[in-house]
>>> print(open('run_18.cif').read())   # mmCIF, C-alpha atoms and all ligand atoms
data_protein
loop_
_atom_site.label_atom_id
_atom_site.label_comp_id
_atom_site.auth_asym_id
_atom_site.auth_seq_id
_atom_site.Cartn_x
_atom_site.Cartn_y
_atom_site.Cartn_z
CA MET A 212 0.86 8.91 -14.61
CA ARG A 213 1.94 9.62 -11.05
CA ILE A 214 -0.61 8.26 -8.60
CA VAL A 215 -0.78 7.89 -4.83
CA LEU A 216 -2.98 5.15 -3.41
CA VAL A 217 -4.31 5.82 0.08
CA GLY A 218 -6.57 3.82 2.38
CA PRO A 219 -6.58 2.06 5.76
CA PRO A 220 -4.57 -1.11 6.38
CA GLY A 221 -6.35 -3.99 4.65
CA ALA A 222 -8.31 -1.74 2.28
CA GLY A 223 -6.90 -3.67 -0.66
CA LYS A 224 -4.19 -1.19 -1.72
CA GLY A 225 -1.65 -3.90 -2.56
CA THR A 226 -4.29 -6.04 -4.28
CA GLN A 227 -5.53 -3.17 -6.44
CA ALA A 228 -2.06 -1.75 -7.07
CA ALA A 229 -0.98 -4.97 -8.77
CA TYR A 230 -3.81 -4.66 -11.35
CA LEU A 231 -3.76 -0.88 -11.71
CA ALA A 232 0.00 -0.74 -12.25
CA LYS A 233 -0.30 -3.38 -14.96
CA ASN A 234 -3.24 -1.63 -16.67
CA LEU A 235 -1.47 1.73 -16.56
CA SER A 236 2.02 0.35 -17.39
CA ILE A 237 3.66 1.98 -14.39
CA PRO A 238 5.63 0.37 -11.55
CA HIS A 239 3.92 -0.42 -8.24
CA ILE A 240 6.02 1.06 -5.43
CA SER A 241 5.01 -0.12 -1.96
CA THR A 242 7.05 1.14 0.98
CA GLY A 243 5.63 -1.73 3.07
CA ASP A 244 6.95 -4.26 0.51
CA LEU A 245 10.32 -2.46 0.36
CA PHE A 246 10.63 -2.66 4.14
CA ARG A 247 9.61 -6.34 4.21
CA ALA A 248 12.16 -7.18 1.48
CA ASN A 249 14.88 -5.41 3.50
CA ILE A 250 13.83 -7.28 6.64
CA SER A 251 13.93 -10.68 4.97
CA GLN A 252 17.36 -9.89 3.47
CA GLY A 253 18.62 -8.70 6.88
CA THR A 254 19.87 -5.32 5.58
CA PRO A 255 20.72 -2.47 8.02
CA LEU A 256 17.61 -0.63 6.81
CA GLY A 257 15.50 -3.74 7.48
CA LYS A 258 16.96 -4.02 10.99
CA GLN A 259 16.08 -0.37 11.66
CA ALA A 260 12.52 -0.74 10.33
CA LYS A 261 11.55 -4.08 11.91
CA GLN A 262 10.83 -2.92 15.46
CA PHE A 263 8.51 -0.14 14.23
CA ILE A 264 6.62 -2.39 11.80
CA ASP A 265 6.16 -5.19 14.33
CA ALA A 266 4.72 -2.63 16.78
CA GLY A 267 2.38 -1.17 14.14
CA ASP A 268 4.17 2.20 14.33
CA LEU A 269 5.36 4.26 11.38
CA VAL A 270 9.01 3.86 10.47
CA PRO A 271 10.71 7.26 11.05
CA ASP A 272 10.53 9.72 8.13
CA SER A 273 14.34 10.00 8.11
CA VAL A 274 14.50 6.36 6.93
CA THR A 275 11.32 6.18 4.85
CA ILE A 276 11.64 9.30 2.71
CA GLY A 277 15.18 8.44 1.55
CA MET A 278 14.16 4.87 0.69
CA ALA A 279 11.10 6.03 -1.28
CA ARG A 280 13.06 8.69 -3.16
CA GLU A 281 15.74 6.19 -4.09
CA ARG A 282 13.12 3.80 -5.49
CA MET A 283 11.36 6.58 -7.42
CA ALA A 284 14.68 7.54 -9.02
CA GLN A 285 15.04 4.08 -10.64
CA PRO A 286 14.76 4.11 -14.47
CA ASP A 287 11.42 2.26 -14.54
CA ALA A 288 9.78 5.04 -12.48
CA VAL A 289 10.91 7.98 -14.60
CA GLY A 290 7.67 8.03 -16.64
CA GLY A 291 5.33 7.51 -13.71
CA PHE A 292 4.50 5.29 -10.73
CA LEU A 293 1.80 4.06 -8.42
CA LEU A 294 2.74 4.74 -4.80
CA ASP A 295 1.20 2.39 -2.22
CA GLY A 296 1.72 3.22 1.46
CA PHE A 297 3.70 6.41 0.80
CA PRO A 298 3.20 9.19 1.74
CA ARG A 299 1.73 8.25 5.10
CA ASN A 300 1.82 11.57 6.95
CA VAL A 301 1.86 15.25 5.99
CA ALA A 302 5.65 15.56 6.34
CA GLN A 303 6.10 12.73 3.81
CA ALA A 304 3.54 14.36 1.46
CA GLU A 305 5.47 17.62 1.62
CA ALA A 306 8.75 15.80 0.98
CA LEU A 307 7.20 14.07 -2.05
CA ASP A 308 5.92 17.37 -3.46
CA ALA A 309 9.36 18.92 -2.95
CA ALA A 310 11.12 15.99 -4.65
CA LEU A 311 8.76 16.06 -7.65
CA GLY A 312 9.00 19.85 -7.82
CA GLU A 313 12.79 19.65 -8.22
CA ASP A 314 12.14 17.97 -11.59
CA ASP A 315 9.12 20.13 -12.48
CA LEU A 316 6.83 17.16 -11.96
CA ALA A 317 3.57 16.76 -10.04
CA LEU A 318 1.08 14.07 -9.03
CA ASP A 319 -1.87 13.37 -11.33
CA ALA A 320 -4.23 11.83 -8.76
CA VAL A 321 -4.62 10.50 -5.24
CA LEU A 322 -6.89 7.47 -5.21
CA ASP A 323 -8.58 7.09 -1.83
CA LEU A 324 -9.99 3.60 -1.06
CA GLU A 325 -12.90 3.69 1.38
CA VAL A 326 -13.77 0.58 3.42
CA PRO A 327 -15.65 0.25 6.73
CA GLU A 328 -13.47 -0.73 9.69
CA ASP A 329 -15.15 -4.10 10.40
CA GLU A 330 -14.46 -5.20 6.81
CA VAL A 331 -10.81 -4.12 7.08
CA VAL A 332 -10.36 -6.25 10.19
CA LYS A 333 -11.85 -9.32 8.42
CA ARG A 334 -9.63 -8.78 5.37
CA ILE A 335 -6.46 -8.52 7.43
CA ALA A 336 -7.28 -11.49 9.65
CA GLY A 337 -7.60 -13.80 6.63
CA ARG A 338 -4.77 -12.43 4.48
CA ARG A 339 -2.04 -14.79 3.31
CA ILE A 340 1.00 -13.66 1.27
CA CYS A 341 3.43 -15.58 -0.92
CA ARG A 342 7.05 -15.79 0.30
CA ASN A 343 8.32 -15.56 -3.29
CA ASP A 344 6.33 -12.54 -4.47
CA SER A 345 4.46 -10.07 -2.27
CA SER A 346 2.03 -9.26 -5.11
CA HIS A 347 0.61 -12.80 -4.76
CA VAL A 348 -1.97 -12.00 -2.07
CA PHE A 349 -4.77 -14.38 -0.98
CA HIS A 350 -7.51 -14.48 1.61
CA VAL A 351 -8.57 -17.67 3.38
CA SER A 352 -12.25 -17.11 2.57
CA TYR A 353 -12.55 -14.19 0.07
CA ASN A 354 -9.84 -15.37 -2.32
CA PRO A 355 -8.66 -18.79 -1.14
CA PRO A 356 -5.71 -20.55 -2.79
CA LYS A 357 -6.56 -23.86 -4.49
CA ARG A 358 -4.24 -25.73 -2.11
CA ASP A 359 -4.04 -24.72 1.56
CA GLY A 360 -0.90 -22.67 2.24
CA VAL A 361 0.38 -22.83 -1.35
CA CYS A 362 0.49 -19.93 -3.83
CA ASP A 363 -1.60 -20.56 -6.99
CA ALA A 364 0.67 -18.35 -9.08
CA CYS A 365 4.09 -19.82 -8.29
CA GLY A 366 3.75 -22.70 -5.79
CA GLY A 367 5.45 -20.62 -3.07
CA GLU A 368 4.66 -20.93 0.62
CA LEU A 369 1.90 -18.65 1.92
CA TYR A 370 2.43 -16.94 5.26
CA GLN A 371 0.66 -14.52 7.60
CA ARG A 372 2.39 -11.18 8.26
CA GLU A 373 3.70 -10.72 11.82
CA ASP A 374 1.97 -7.33 12.04
CA ASP A 375 -1.41 -8.86 11.12
CA ASN A 376 -2.36 -9.72 14.71
CA GLU A 377 -5.31 -8.05 16.43
CA ASP A 378 -3.38 -5.66 18.72
CA THR A 379 -1.06 -4.43 15.99
CA VAL A 380 -3.92 -3.99 13.53
CA ARG A 381 -5.75 -1.82 16.06
CA LYS A 382 -2.60 0.30 16.43
CA ARG A 383 -2.18 0.58 12.64
CA LEU A 384 -5.79 1.73 12.27
CA GLU A 385 -5.32 4.36 14.97
CA ILE A 386 -2.19 5.64 13.25
CA TYR A 387 -4.05 5.70 9.94
CA HIS A 388 -6.72 7.98 11.45
CA THR A 389 -4.35 10.31 13.29
CA GLN A 390 -1.41 10.53 10.89
CA THR A 391 -2.40 9.34 7.42
CA GLU A 392 -5.97 10.66 6.99
CA PRO A 393 -4.74 14.28 7.23
CA ILE A 394 -2.93 13.79 3.90
CA ILE A 395 -6.35 13.42 2.25
CA ASP A 396 -7.18 17.02 3.19
CA TYR A 397 -3.68 18.08 2.16
CA TYR A 398 -4.28 16.63 -1.33
CA LYS A 399 -7.92 17.80 -1.46
CA ALA A 400 -6.56 21.34 -1.24
CA GLN A 401 -4.63 20.53 -4.45
CA GLY A 402 -7.76 19.09 -6.12
CA LEU A 403 -6.16 15.66 -6.51
CA VAL A 404 -8.36 13.32 -4.46
CA VAL A 405 -10.60 10.72 -6.10
CA THR A 406 -12.53 8.65 -3.53
CA ILE A 407 -14.03 5.25 -4.40
CA SER A 408 -15.62 2.47 -2.40
CA ALA A 409 -13.32 -0.55 -2.11
CA LEU A 410 -16.21 -2.90 -1.29
CA GLY A 411 -17.22 -5.61 -3.73
CA LYS A 412 -15.22 -8.04 -5.84
CA VAL A 413 -11.56 -7.26 -6.54
CA THR A 414 -12.32 -6.88 -10.28
CA GLU A 415 -15.25 -4.53 -9.55
CA VAL A 416 -13.01 -2.30 -7.45
CA THR A 417 -10.35 -2.25 -10.19
CA ASP A 418 -12.97 -1.23 -12.79
CA ARG A 419 -14.26 1.49 -10.46
CA ALA A 420 -10.72 2.77 -9.91
CA MET A 421 -9.86 2.81 -13.62
CA GLU A 422 -13.09 4.72 -14.40
CA ALA A 423 -12.44 7.24 -11.64
CA LEU A 424 -8.86 7.82 -12.76
CA LYS A 425 -9.93 8.32 -16.39
CA ARG A 426 -12.58 10.81 -15.32
CA ASP A 427 -10.64 12.85 -12.83
CA ALA A 428 -6.91 12.54 -13.48
P1 LIG B 1 1.96 -1.65 4.49
O1 LIG B 1 2.53 -2.87 3.95
O2 LIG B 1 1.78 -0.46 3.59
O3 LIG B 1 0.59 -2.04 5.19
P2 LIG B 1 -0.82 -1.31 5.33
O4 LIG B 1 -0.97 0.08 4.86
O5 LIG B 1 -1.18 -1.57 6.75
O6 LIG B 1 -1.68 -2.02 4.29
P3 LIG B 1 -1.81 -3.53 4.14
O7 LIG B 1 -0.68 -4.09 3.37
O8 LIG B 1 -2.11 -4.15 5.49
O9 LIG B 1 -3.18 -3.63 3.35
P4 LIG B 1 -3.57 -3.38 1.84
O10 LIG B 1 -4.46 -2.17 1.79
O11 LIG B 1 -2.40 -3.42 0.91
O12 LIG B 1 -4.50 -4.66 1.63
P5 LIG B 1 -4.31 -5.98 0.73
O13 LIG B 1 -4.38 -5.65 -0.72
O14 LIG B 1 -3.18 -6.80 1.20
O15 LIG B 1 2.80 -1.14 5.74
C1 LIG B 1 3.18 -2.00 6.78
C2 LIG B 1 4.01 -1.24 7.80
O16 LIG B 1 5.20 -0.70 7.17
C3 LIG B 1 3.34 -0.02 8.42
O17 LIG B 1 2.54 -0.36 9.52
C4 LIG B 1 4.57 0.82 8.82
O18 LIG B 1 5.16 0.32 10.01
C5 LIG B 1 5.55 0.57 7.70
N1 LIG B 1 5.44 1.58 6.62
C6 LIG B 1 5.04 1.37 5.33
N2 LIG B 1 5.05 2.52 4.62
C7 LIG B 1 5.46 3.49 5.49
C8 LIG B 1 5.63 4.90 5.37
N3 LIG B 1 5.39 5.54 4.23
N4 LIG B 1 6.06 5.57 6.47
C9 LIG B 1 6.32 4.95 7.62
N5 LIG B 1 6.14 3.62 7.83
C10 LIG B 1 5.71 2.90 6.76
O19 LIG B 1 -5.70 -6.73 1.10
C11 LIG B 1 -5.95 -7.22 2.41
C12 LIG B 1 -6.68 -8.58 2.33
O20 LIG B 1 -7.99 -8.37 1.78
C13 LIG B 1 -6.01 -9.62 1.42
O21 LIG B 1 -6.11 -10.87 2.01
C14 LIG B 1 -6.82 -9.57 0.10
O22 LIG B 1 -6.85 -10.83 -0.54
C15 LIG B 1 -8.20 -9.17 0.63
N6 LIG B 1 -8.94 -8.34 -0.33
C16 LIG B 1 -8.46 -7.31 -1.09
N7 LIG B 1 -9.45 -6.77 -1.83
C17 LIG B 1 -10.60 -7.45 -1.52
C18 LIG B 1 -11.96 -7.36 -1.96
N8 LIG B 1 -12.34 -6.44 -2.85
N9 LIG B 1 -12.84 -8.23 -1.41
C19 LIG B 1 -12.46 -9.15 -0.50
N10 LIG B 1 -11.18 -9.30 -0.07
C20 LIG B 1 -10.26 -8.45 -0.56
ZN ZN B 2 3.58 -16.80 -5.39
#
>>> encode(input="run_18.cif", output="structure tokens")
Amino acid sequence: MRIVLVGPPGAGKGTQAAYLAKNLSIPHISTGDLFRANISQGTPLGKQAKQFIDAGDLVPDSVTIGMARERMAQPDAVGGFLLDGFPRNVAQAEALDAALGEDDLALDAVLDLEVPEDEVVKRIAGRRICRNDSSHVFHVSYNPPKRDGVCDACGGELYQREDDNEDTVRKRLEIYHTQTEPIIDYYKAQGLVVTISALGKVTEVTDRAMEALKRDA
């Protein structure tokens, strides 16, 4: 299956993607994670992306589209993938359609996670991520690690993302509304959008998503 996950910052895209990708046996491709890995390794791409991410802005399409295409061309993504954080504007959605079209492929579904804004702000404020593996995501009150600051899964150090401060979150939400939400209409016109509520326990949201994908994809 080829799925796009869309939703505001803090909706739980990364959290859900880890479970959905496993259930569906497809790789989880997160452009945010790819950028953060490049930043921590100090690559030229990471250096280009850092200033935009720290400011809560989108990284320019000229950088992002090439990086996403390269990742989608890896052998593990040939049979399908779960895209998280890409596409993030209409130009990226068009570029994705064009890239898939070159191989006579198409998306199966766009899963839209709906969460009220006050909940998103609470989720982001308490998020902690493992330095060893970005799929190990915790929340200080909703999903606390057993030991403060230590990852339950691997013992790694938990940290707070630099772009998870109040000002940057506000900017990211504004960009979500102005630039990313229009892709929902773009995909609605193709009959691909499945909207679910992302409120409730993580496992409840995963079950809801799996049901919706079975029904509509
Ligand atoms: P990216 O990493 O994609 O960030 P984002 O879209 O802002 O999304 P987040 O990672 O903040 O949230 P999430 O929805 O994954 O939530 P999570 O599962 O962690 O992008 C970062 C930056 O990179 C962008 O701002 C941009 O600069 C750049 N970028 C990336 N892609 C780009 C692109 N295509 N083009 C241009 N620029 C791009 O959950 C949040 C918290 O809530 C966690 O603590 C979790 O434990 C908790 N939680 C999750 N589910 C639940 C639940 N059901 N109940 C209670 N708590 C929950
Ligand atoms: Zn870990």
>>> closest_residue(input="run_18.cif", among="A:Pro327, A:Gly312, A:Gly267, A:Gly290", to="ligand LIG 1 (chain B)", atoms="only C-alpha atoms and all ligand atoms")
A:Gly267
>>> residues_around(input="run_18.cif", residues="Arg339 of chain A", least_positions_apart="5", cutoff="6 Å", atoms="all atoms listed in the file", output="PDB file with C-alpha atoms, in the frame of the given file")
ATOM      1  CA  PHE A 349      -4.770 -14.380  -0.980  1.00  0.00           C
ATOM      2  CA  HIS A 350      -7.510 -14.480   1.610  1.00  0.00           C
ATOM      3  CA  LEU A 369       1.900 -18.650   1.920  1.00  0.00           C
ATOM      4  CA  TYR A 370       2.430 -16.940   5.260  1.00  0.00           C
ATOM      5  CA  GLN A 371       0.660 -14.520   7.600  1.00  0.00           C
TER       6      GLN A 371
END
>>> residues_around(input="run_18.cif", residues="Met212 of chain A", least_positions_apart="5", cutoff="9 Å", atoms="all atoms listed in the file", output="list of chain:residue names")
A:Leu235, A:Ile237, A:Gly290, A:Gly291, A:Phe292, A:Leu293, A:Leu318, A:Asp319, A:Ala320, A:Ala428
>>> residues_near_ligand(input="run_18.cif", ligand="ligand LIG 1 (chain B)", cutoff="7 Å", atoms="all atoms listed in the file", output="JSON, numbers by chain")
{"A": [218, 219, 220, 221, 222, 223, 224, 225, 226, 227, 241, 242, 243, 244, 246, 263, 264, 267, 268, 269, 270, 271, 272, 275, 295, 296, 297, 298, 299, 334, 335, 337, 338, 339, 348, 349, 350, 353, 354, 383, 409, 410, 411, 412, 413, 416]}
>>> residues_near_ligand(input="run_18.cif", ligand="ligand ZN 2 (chain B)", cutoff="9 Å", atoms="only C-alpha atoms and all ligand atoms", output="mmCIF file with C-alpha atoms, in the coordinates of the input")
data_model
loop_
_atom_site.group_PDB
_atom_site.id
_atom_site.type_symbol
_atom_site.label_atom_id
_atom_site.label_comp_id
_atom_site.auth_asym_id
_atom_site.auth_seq_id
_atom_site.Cartn_x
_atom_site.Cartn_y
_atom_site.Cartn_z
ATOM 1 C CA ILE A 340 1.000 -13.660 1.270
ATOM 2 C CA CYS A 341 3.430 -15.580 -0.920
ATOM 3 C CA ARG A 342 7.050 -15.790 0.300
ATOM 4 C CA ASN A 343 8.320 -15.560 -3.290
ATOM 5 C CA ASP A 344 6.330 -12.540 -4.470
ATOM 6 C CA SER A 345 4.460 -10.070 -2.270
ATOM 7 C CA SER A 346 2.030 -9.260 -5.110
ATOM 8 C CA HIS A 347 0.610 -12.800 -4.760
ATOM 9 C CA VAL A 348 -1.970 -12.000 -2.070
ATOM 10 C CA VAL A 361 0.380 -22.830 -1.350
ATOM 11 C CA CYS A 362 0.490 -19.930 -3.830
ATOM 12 C CA ASP A 363 -1.600 -20.560 -6.990
ATOM 13 C CA ALA A 364 0.670 -18.350 -9.080
ATOM 14 C CA CYS A 365 4.090 -19.820 -8.290
ATOM 15 C CA GLY A 366 3.750 -22.700 -5.790
ATOM 16 C CA GLY A 367 5.450 -20.620 -3.070
ATOM 17 C CA GLU A 368 4.660 -20.930 0.620
ATOM 18 C CA LEU A 369 1.900 -18.650 1.920
#
>>> atom_distance(input="run_18.cif", atom1="atom CA of Ala228 of chain A", atom2="atom CA of Asp396 of chain A")
22.0 Å
>>> atom_distance(input="run_18.cif", atom1="atom CA of Arg213 of chain A", atom2="atom CA of Val326 of chain A")
23.2 Å
>>> axis_aligned_box(input="run_18.cif", around="segment 241-246 of chain A", padding_each_side="4 Å", output="lines of an AutoDock Vina configuration file")
center_x = 7.8
center_y = -1.6
center_z = 1.1
size_x = 13.6
size_y = 13.4
size_z = 14.1
>>> residues_around(input="run_18.cif", residues="Leu403 of chain A", least_positions_apart="4", cutoff="6 Å", atoms="only C-alpha atoms", output="number ranges by chain")
A: 320-321, 398-399
>>> closest_residue(input="run_18.cif", among="A:Thr254, A:Gln285, A:Ser273, A:Asn234", to="Ala302 of chain A", atoms="all atoms listed in the file")
A:Ser273
>>> build_atoms(input="run_18.cif", residues="segment 297-309 of chain A", atoms="N, CA and C atoms", output="tab-separated table (two decimals), keeping the file's coordinate frame")
chain	number	residue	atom	x	y	z
A	297	PHE	N	2.87	5.20	0.70
A	297	PHE	CA	3.70	6.41	0.80
A	297	PHE	C	3.07	7.48	-0.07
A	298	PRO	N	2.91	8.72	0.40
A	298	PRO	CA	3.20	9.19	1.74
A	298	PRO	C	2.16	8.73	2.75
A	299	ARG	N	2.58	8.76	4.03
A	299	ARG	CA	1.73	8.25	5.10
A	299	ARG	C	1.53	9.27	6.21
A	300	ASN	N	2.10	10.45	6.05
A	300	ASN	CA	1.82	11.57	6.95
A	300	ASN	C	2.10	12.85	6.16
A	301	VAL	N	1.74	14.01	6.75
A	301	VAL	CA	1.86	15.25	5.99
A	301	VAL	C	3.32	15.58	5.68
A	302	ALA	N	4.23	15.27	6.60
A	302	ALA	CA	5.65	15.56	6.34
A	302	ALA	C	6.14	14.78	5.11
A	303	GLN	N	5.70	13.53	4.98
A	303	GLN	CA	6.10	12.73	3.81
A	303	GLN	C	5.46	13.29	2.53
A	304	ALA	N	4.21	13.78	2.64
A	304	ALA	CA	3.54	14.36	1.46
A	304	ALA	C	4.28	15.61	1.01
A	305	GLU	N	4.73	16.41	1.97
A	305	GLU	CA	5.47	17.62	1.62
A	305	GLU	C	6.81	17.27	1.00
A	306	ALA	N	7.46	16.23	1.54
A	306	ALA	CA	8.75	15.80	0.98
A	306	ALA	C	8.57	15.28	-0.44
A	307	LEU	N	7.46	14.58	-0.69
A	307	LEU	CA	7.20	14.07	-2.05
A	307	LEU	C	6.97	15.24	-3.01
A	308	ASP	N	6.15	16.20	-2.60
A	308	ASP	CA	5.92	17.37	-3.46
A	308	ASP	C	7.24	18.08	-3.77
A	309	ALA	N	8.08	18.22	-2.75
A	309	ALA	CA	9.36	18.92	-2.95
A	309	ALA	C	10.23	18.14	-3.93
